[in-house]
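Have a look at the structure below, then the notes.
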Amino acid sequence: MAPITGPLSGEAKSTVAECLQGTLVDLVDLSLVAKQMHWNIVGTNFRSVHLQLDELVALAREHADTVAERAAALGVNPDGRSSTLAKSTKLAQPENGWIEDGKVVATIADILDGIGRRLRERIEATDEPDPATQDILIAIAQDIDKERWMFQAQR
Ligand SMILES: [Fe+2]
């Protein structure tokens, strides 16, 4: 039985659960895609982008943990299984093999743009049912916007 209670129930709870789960999938897959590119990038900007990608991985992992634990605190099970990610991710998957630095930068910028847009939808959706969750999503959106800017600026 579920021993974890929380302030939400019914439709409010399911709305917030959906927003948190979608954000968790975005962030965990962001950490995987960024690592894949960290390992496979080639080109004259190798070093700076290689290092920048690891900063992005660290950020994605930290926020993923916050989101998952927010879900748990509300009595909602976070699902970060690889099978769930594979089924539900909205992130473009990198090709297998070496990837040119310019393509890495463009792909990551696009991925961050998509995550930022989905976060905005979730910020709207959580406004009424749970401002505390909305606050977490707003903080994440600020960081994702900043990362998007820093990748776009290298295009
Ligand atoms: Fe590394």
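By order of appearance in the structure tokens: chains A, B, ..., then residues from 1 within every chain, and ligands from 1 in the order shown.
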Taking 4 positions as the minimum chain separation for residues in the same chain, which residues sit within 9 Å of range 63-68 of chain A when counting only C-alpha atoms? Answer as an MDAnalysis selection string. chainID A and resid 20:21 23:28 58:59 72:73 76:80 133 136:137 140
If we count only C-alpha atoms, what is near range 34-50 of chain A at a cut-off of 12 Å, once residues fewer than 3 positions away on the same chain are taken out, given as number ranges by chain? A: 26-31, 53-61, 91-109, 111-112, 150-151, 154-155
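The space between CA of Ser82 in chain A and CA of Gln134 in chain A spans 25.9 Å.
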Would you list, as a ChimeraX atom specification, the residues of chain A that end up in strand (DSSP E) under DSSP run on this structure's backbone? /A:41-42,99-100
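Ranking A:Gln52, A:Thr84, A:Thr126, A:Thr89 by their shortest atom-to-atom distance to ligand 1, with only C-alpha atoms and all ligand atoms included, puts A:Gln52 first.
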